[in-house]
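> If you scroll down you'll find the structure; I have some questions about it.
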Amino acid sequence: MADVPSPLAAFVVAEIRRARGAAGMTQETFGRGSGFSASHVSAVESGTRALTMDFIKGADRALKTGGLFERLIASVGAPSWFLPWLDAERAATQLRYFEPNLIPGLLQTEDYARTVLRSVDILTSDEVEQRLSARMERQKILTGDRPPQFVAVLDEAALRRSGNDIGGTMAQQIAHLIARAELPHVHVHVIPAGSGLHVGLSGPFALARSGEGVWVGHLENQLAGVVIDKDDDVATLQARWESVRNEALPRRQSIDLLKEVESHHGPQ
């Protein structure tokens, strides 16, 4: 199984070690329950051996956690550079996403997300499934008891992407978008193809407002991403948000366009 990335691995190892100690287990006893030798357990706990998903599942068995550590990895199983944004996203009362090329992760279907992740050819199959599980877990913030107000602005080109036998996947994805857009706290707006050039074509970005009223932004590129928290930079992203939002159709007209695009992709 794939290694768990640091610094997430260091945190999980520390929690497993703490739980083992609280249960009164030696490394040898824990190893018997988890299916690993005492020397292997010692190496993982000391950081000289990588933490793997197999070890995490073994820890859940030995400690009888009901899958706690595996669920923890699933919920934050993301590149380490993405973790600060996940914290902002989870704590947000308002979220703003602009995407010119793809459907935002919080609105993706499982099939669409898997197709997108598989396009990153350096990821192993295990890593794809791990990130897919994390992405699906993230989406629960939109269906919880106190979901944030979520507004997404998409370029029509992202909706009409086709080829490589993804017509059914896209039709299913558009249907999912329509269903989400009918929720009272979710707003999906589409910039129609006829809008021509606009500032959003420079790239995607996101904004999150905390319960204390503080806004932060997020920018992602081919290599990594960064949380934007300097006032001037956040103000620039907010101004760009207003620009792309003004290019987009109103909510109901956007849903009508989504329905037209769904029929364009054919049956699900």
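Residues are referred to by chain and number: the chain letter is A, B, ... according to the order shown in the structure tokens, the number counts from 1 in that chain, and ligands are numbered separately from 1 in the order shown.
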Just want the 10 Å neighbourhood of A:Tyr97, counted on only C-alpha atoms, with same-chain residues fewer than 2 positions away dropped. Output as a PyMOL selection string.
chain A and resi 95+99+103-106+150-154+188+204-208+217-218+241
> Would you save the residues of that selection, restricted to N, CA and C atoms, as a short mmCIF file (atom, residue, chain, number, x, y, z; two decimals), in the first residue's frame?

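For reference, selection-v3.cif as written:
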data_model
loop_
_atom_site.label_atom_id
_atom_site.label_comp_id
_atom_site.auth_asym_id
_atom_site.auth_seq_id
_atom_site.Cartn_x
_atom_site.Cartn_y
_atom_site.Cartn_z
N LEU A 95 -18.10 29.82 1.37
CA LEU A 95 -17.06 29.36 0.46
C LEU A 95 -17.36 29.88 -0.94
N GLU A 99 -13.75 28.04 -11.04
CA GLU A 99 -13.03 27.01 -11.80
C GLU A 99 -13.29 27.19 -13.29
N ILE A 103 -14.70 20.81 -12.68
CA ILE A 103 -15.73 20.95 -11.66
C ILE A 103 -15.02 21.02 -10.31
N PRO A 104 -15.39 21.93 -9.42
CA PRO A 104 -14.75 21.99 -8.10
C PRO A 104 -14.87 20.66 -7.35
N GLY A 105 -13.83 20.33 -6.59
CA GLY A 105 -13.79 19.04 -5.89
C GLY A 105 -15.00 18.78 -5.01
N LEU A 106 -15.53 19.82 -4.36
CA LEU A 106 -16.67 19.64 -3.48
C LEU A 106 -17.96 19.30 -4.22
N PHE A 150 -22.31 28.07 -0.06
CA PHE A 150 -21.33 27.68 -1.07
C PHE A 150 -21.74 28.26 -2.41
N VAL A 151 -20.83 29.03 -3.02
CA VAL A 151 -21.09 29.62 -4.33
C VAL A 151 -19.96 29.21 -5.27
N ALA A 152 -20.32 28.61 -6.39
CA ALA A 152 -19.33 28.20 -7.38
C ALA A 152 -19.62 28.90 -8.69
N VAL A 153 -18.58 29.41 -9.32
CA VAL A 153 -18.68 29.98 -10.66
C VAL A 153 -17.84 29.10 -11.57
N LEU A 154 -18.46 28.57 -12.63
CA LEU A 154 -17.79 27.66 -13.56
C LEU A 154 -17.83 28.25 -14.95
N VAL A 188 -24.76 27.65 -7.96
CA VAL A 188 -23.87 27.34 -9.07
C VAL A 188 -24.18 28.32 -10.20
N PRO A 204 -7.85 29.10 -11.60
CA PRO A 204 -8.84 28.90 -10.54
C PRO A 204 -8.39 29.51 -9.22
N PHE A 205 -9.35 29.79 -8.35
CA PHE A 205 -9.04 30.24 -7.00
C PHE A 205 -10.26 30.00 -6.12
N ALA A 206 -10.04 30.09 -4.82
CA ALA A 206 -11.13 29.89 -3.87
C ALA A 206 -10.98 30.87 -2.72
N LEU A 207 -12.08 31.14 -2.06
CA LEU A 207 -12.12 32.02 -0.90
C LEU A 207 -12.95 31.37 0.20
N ALA A 208 -12.52 31.53 1.45
CA ALA A 208 -13.25 30.98 2.59
C ALA A 208 -13.36 32.04 3.67
N GLY A 217 -7.76 33.04 1.04
CA GLY A 217 -7.88 32.52 -0.31
C GLY A 217 -7.02 31.30 -0.52
N HIS A 218 -7.20 30.67 -1.66
CA HIS A 218 -6.38 29.52 -2.02
C HIS A 218 -6.11 29.53 -3.51
N TRP A 241 -13.05 37.81 -7.80
CA TRP A 241 -14.29 37.05 -7.62
C TRP A 241 -15.48 37.86 -8.13
#
> Would you give me, as number ranges by chain, the residues in stretch 90-236 of chain A that DSSP reads as strand (DSSP E)?
A: 92-99, 149-155, 186-191, 205-210, 215-220, 225-228
> Write to file, as a short mmCIF file (atom, residue, chain, number, x, y, z; two decimals), in the first residue's frame, the residues of the selection just made, with N, CA, C and O atoms.

data_model
loop_
_atom_site.label_atom_id
_atom_site.label_comp_id
_atom_site.auth_asym_id
_atom_site.auth_seq_id
_atom_site.Cartn_x
_atom_site.Cartn_y
_atom_site.Cartn_z
N ALA A 92 -15.20 27.10 7.49
CA ALA A 92 -15.81 28.22 6.78
C ALA A 92 -17.32 28.29 6.98
O ALA A 92 -18.01 27.27 7.06
N THR A 93 -17.82 29.52 7.03
CA THR A 93 -19.26 29.76 6.97
C THR A 93 -19.69 30.13 5.56
O THR A 93 -20.86 30.03 5.22
N GLN A 94 -18.73 30.59 4.76
CA GLN A 94 -18.98 30.90 3.35
C GLN A 94 -17.80 30.42 2.52
O GLN A 94 -16.65 30.57 2.94
N LEU A 95 -18.10 29.82 1.37
CA LEU A 95 -17.06 29.36 0.46
C LEU A 95 -17.36 29.88 -0.94
O LEU A 95 -18.52 29.87 -1.38
N ARG A 96 -16.32 30.33 -1.62
CA ARG A 96 -16.44 30.82 -2.99
C ARG A 96 -15.41 30.08 -3.84
O ARG A 96 -14.22 30.11 -3.54
N TYR A 97 -15.85 29.42 -4.90
CA TYR A 97 -14.95 28.69 -5.79
C TYR A 97 -15.13 29.16 -7.23
O TYR A 97 -16.25 29.21 -7.72
N PHE A 98 -14.01 29.47 -7.88
CA PHE A 98 -14.05 29.72 -9.31
C PHE A 98 -13.19 28.68 -10.01
O PHE A 98 -12.03 28.46 -9.63
N GLU A 99 -13.75 28.04 -11.04
CA GLU A 99 -13.03 27.01 -11.80
C GLU A 99 -13.29 27.19 -13.29
O GLU A 99 -14.43 27.05 -13.74
N GLN A 149 -22.50 28.52 3.32
CA GLN A 149 -23.04 29.00 2.05
C GLN A 149 -21.95 28.76 1.01
O GLN A 149 -20.81 29.19 1.18
N PHE A 150 -22.31 28.07 -0.06
CA PHE A 150 -21.33 27.68 -1.07
C PHE A 150 -21.74 28.26 -2.41
O PHE A 150 -22.85 28.02 -2.89
N VAL A 151 -20.83 29.03 -3.02
CA VAL A 151 -21.09 29.62 -4.33
C VAL A 151 -19.96 29.21 -5.27
O VAL A 151 -18.79 29.41 -4.95
N ALA A 152 -20.32 28.61 -6.39
CA ALA A 152 -19.33 28.20 -7.38
C ALA A 152 -19.62 28.90 -8.69
O ALA A 152 -20.78 28.97 -9.12
N VAL A 153 -18.58 29.41 -9.32
CA VAL A 153 -18.68 29.98 -10.66
C VAL A 153 -17.84 29.10 -11.57
O VAL A 153 -16.65 28.89 -11.32
N LEU A 154 -18.46 28.57 -12.63
CA LEU A 154 -17.79 27.66 -13.56
C LEU A 154 -17.83 28.25 -14.95
O LEU A 154 -18.79 28.93 -15.33
N ASP A 155 -16.80 27.97 -15.72
CA ASP A 155 -16.82 28.34 -17.13
C ASP A 155 -17.55 27.24 -17.91
O ASP A 155 -17.40 26.05 -17.60
N VAL A 186 -26.48 26.18 -1.70
CA VAL A 186 -25.51 25.97 -2.79
C VAL A 186 -25.96 26.76 -4.02
O VAL A 186 -27.10 26.64 -4.46
N HIS A 187 -25.06 27.58 -4.55
CA HIS A 187 -25.35 28.38 -5.73
C HIS A 187 -24.30 28.05 -6.79
O HIS A 187 -23.10 28.17 -6.54
N VAL A 188 -24.76 27.65 -7.96
CA VAL A 188 -23.87 27.34 -9.07
C VAL A 188 -24.18 28.32 -10.20
O VAL A 188 -25.33 28.41 -10.65
N HIS A 189 -23.16 29.05 -10.64
CA HIS A 189 -23.33 30.02 -11.72
C HIS A 189 -22.37 29.67 -12.85
O HIS A 189 -21.22 29.28 -12.60
N VAL A 190 -22.84 29.83 -14.06
CA VAL A 190 -22.04 29.45 -15.23
C VAL A 190 -21.73 30.68 -16.07
O VAL A 190 -22.63 31.49 -16.37
N ILE A 191 -20.45 30.82 -16.44
CA ILE A 191 -20.05 31.85 -17.39
C ILE A 191 -20.24 31.27 -18.79
O ILE A 191 -19.57 30.30 -19.16
N PHE A 205 -9.35 29.79 -8.35
CA PHE A 205 -9.04 30.24 -7.00
C PHE A 205 -10.26 30.00 -6.12
O PHE A 205 -11.37 29.72 -6.60
N ALA A 206 -10.04 30.09 -4.82
CA ALA A 206 -11.13 29.89 -3.87
C ALA A 206 -10.98 30.87 -2.72
O ALA A 206 -9.88 31.37 -2.44
N LEU A 207 -12.08 31.14 -2.06
CA LEU A 207 -12.12 32.02 -0.90
C LEU A 207 -12.95 31.37 0.20
O LEU A 207 -13.97 30.73 -0.08
N ALA A 208 -12.52 31.53 1.45
CA ALA A 208 -13.25 30.98 2.59
C ALA A 208 -13.36 32.04 3.67
O ALA A 208 -12.38 32.74 3.98
N ARG A 209 -14.54 32.17 4.25
CA ARG A 209 -14.79 33.13 5.33
C ARG A 209 -15.04 32.34 6.61
O ARG A 209 -15.93 31.49 6.67
N SER A 210 -14.27 32.62 7.64
CA SER A 210 -14.41 31.91 8.91
C SER A 210 -15.58 32.48 9.71
O SER A 210 -16.16 33.52 9.36
N TRP A 215 -11.47 36.39 5.94
CA TRP A 215 -11.40 35.73 4.64
C TRP A 215 -9.97 35.28 4.37
O TRP A 215 -9.01 35.98 4.69
N VAL A 216 -9.82 34.08 3.79
CA VAL A 216 -8.54 33.62 3.25
C VAL A 216 -8.80 33.08 1.86
O VAL A 216 -9.94 32.71 1.52
N GLY A 217 -7.76 33.04 1.04
CA GLY A 217 -7.88 32.52 -0.31
C GLY A 217 -7.02 31.30 -0.52
O GLY A 217 -6.20 30.94 0.33
N HIS A 218 -7.20 30.67 -1.66
CA HIS A 218 -6.38 29.52 -2.02
C HIS A 218 -6.11 29.53 -3.51
O HIS A 218 -7.02 29.74 -4.32
N LEU A 219 -4.84 29.35 -3.86
CA LEU A 219 -4.42 29.24 -5.24
C LEU A 219 -3.72 27.91 -5.43
O LEU A 219 -2.91 27.51 -4.60
N GLU A 220 -4.01 27.24 -6.54
CA GLU A 220 -3.41 25.94 -6.82
C GLU A 220 -2.81 25.96 -8.22
O GLU A 220 -3.38 26.56 -9.14
N GLY A 225 -0.09 24.17 -3.93
CA GLY A 225 -1.05 25.22 -3.69
C GLY A 225 -0.64 26.02 -2.48
O GLY A 225 0.24 25.61 -1.71
N VAL A 226 -1.27 27.16 -2.29
CA VAL A 226 -0.90 28.02 -1.16
C VAL A 226 -2.13 28.74 -0.64
O VAL A 226 -3.02 29.12 -1.40
N VAL A 227 -2.21 28.87 0.68
CA VAL A 227 -3.26 29.66 1.31
C VAL A 227 -2.85 31.12 1.28
O VAL A 227 -1.72 31.47 1.64
N ILE A 228 -3.76 31.99 0.87
CA ILE A 228 -3.50 33.43 0.77
C ILE A 228 -4.17 34.11 1.95
O ILE A 228 -5.41 34.06 2.09
#
> Using atom CA of A:His265 and atom CA of A:Asp111 as the two end points, give the distance in Å to one decimal.
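These atoms are spaced 15.0 Å apart.
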> With distances taken over only C-alpha atoms, which residue among A:Arg61, A:Ser195, A:Phe11, A:Thr48 lies nearest A:Gly33?
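The shortest atom-to-atom distance to A:Gly33 comes from A:Arg61.
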> With the cut-off set at 9 Å and counting only C-alpha atoms, tabulate each residue of stretch 27-132 of chain A with an atom at most that distance from an atom of stretch 136-140 of chain A, showing the nearest atom pair and its distance in Å to one decimal, ordered by chain and increasing number, as a Markdown table.

| residue | atom | partner | partner_atom | distance |
| --- | --- | --- | --- | --- |
| A:Ala74 | CA | A:Glu137 | CA | 7.0 |
| A:Ser75 | CA | A:Glu137 | CA | 5.5 |
| A:Val76 | CA | A:Arg138 | CA | 8.3 |
| A:Leu86 | CA | A:Arg138 | CA | 8.3 |
| A:Glu89 | CA | A:Arg138 | CA | 8.9 |
| A:Arg90 | CA | A:Arg138 | CA | 8.2 |
| A:Gly105 | CA | A:Gln139 | CA | 7.9 |
| A:Leu106 | CA | A:Gln139 | CA | 5.0 |
| A:Leu107 | CA | A:Gln139 | CA | 7.3 |
| A:Gln108 | CA | A:Met136 | CA | 8.3 |
| A:Thr109 | CA | A:Met136 | CA | 8.2 |
| A:Glu110 | CA | A:Met136 | CA | 7.1 |
| A:Ala113 | CA | A:Met136 | CA | 8.8 |
| A:Arg131 | CA | A:Met136 | CA | 8.6 |
| A:Leu132 | CA | A:Met136 | CA | 6.3 |
> Check the smallest atom-to-atom distance from each of A:Val44, A:Val214, A:Leu68, A:Leu177 to A:Ala235 using only C-alpha atoms, then report the winner.
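Distance minimum relative to A:Ala235 lands on A:Val214.
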> Here is a test: counting only C-alpha atoms, which residue of A:Gly203, A:Glu182, A:Arg240, A:Gly213 is nearest to A:Ala91?
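Of all the options, A:Gly213 lies closest to A:Ala91.
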> Name all residues at most 9 Å from A:Leu249 (count only C-alpha atoms; drop same-chain ones fewer than 2 positions away) and give them as a ChimeraX atom specification.
/A:189-192,245-247,251-254
> Restricting the output to C-alpha atoms, write the selected residues as a compact mmCIF listing (two decimals), in the first residue's frame.

# COMPACT_ATOMS: atom_id res chain seq x y z
CA HIS A 189 -23.33 30.02 -11.72
CA VAL A 190 -22.04 29.45 -15.23
CA ILE A 191 -20.05 31.85 -17.39
CA PRO A 192 -21.44 31.22 -20.90
CA ARG A 245 -19.33 36.45 -10.71
CA ASN A 246 -20.54 39.38 -12.81
CA GLU A 247 -19.65 37.48 -16.00
CA ARG A 251 -28.75 31.08 -10.66
CA ARG A 252 -31.90 29.93 -12.49
CA GLN A 253 -30.49 30.65 -15.94
CA SER A 254 -27.36 28.74 -14.97
> Choose the residue, out of A:Glu28, A:Asp87, A:Glu260, A:Asp145, that has the smallest atom-to-atom separation from A:Ala175; count only C-alpha atoms.
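The answer is A:Glu260, which sits nearest to A:Ala175.
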> Can you work out which one of A:Val199, A:Ala9, A:Leu159, A:Ile73 has the shortest atom-to-atom distance to A:Glu242, counting only C-alpha atoms?
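Nearest candidate to A:Glu242 out of A:Val199, A:Ala9, A:Leu159, A:Ile73: A:Val199.
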> What is the distance, in Å and to one decimal place, between atom CA of A:Arg114 and atom CA of A:Glu129?
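Distance between the two atoms: 7.6 Å.
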> Work out how far atom CA of A:His185 is from atom CA of A:Leu258, in Å to one decimal.
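Pair atom CA of A:Leu258 / atom CA of A:His185 returns 18.0 Å.
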> Counting only C-alpha atoms, figure out which residue out of A:Ala62, A:Ala14, A:Leu72, A:Leu237 gets nearest to A:Glu45.
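Counting only C-alpha atoms, the residue closest to A:Glu45 is A:Ala14.
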> If DSSP is run on the backbone, what residues of stretch 82-222 of chain A are helix (DSSP H, G or I)? A reply as a PyMOL selection string would be ideal.
chain A and resi 82-91+105-107+110-118+125-142+156-159+167-181+193-195+199-202
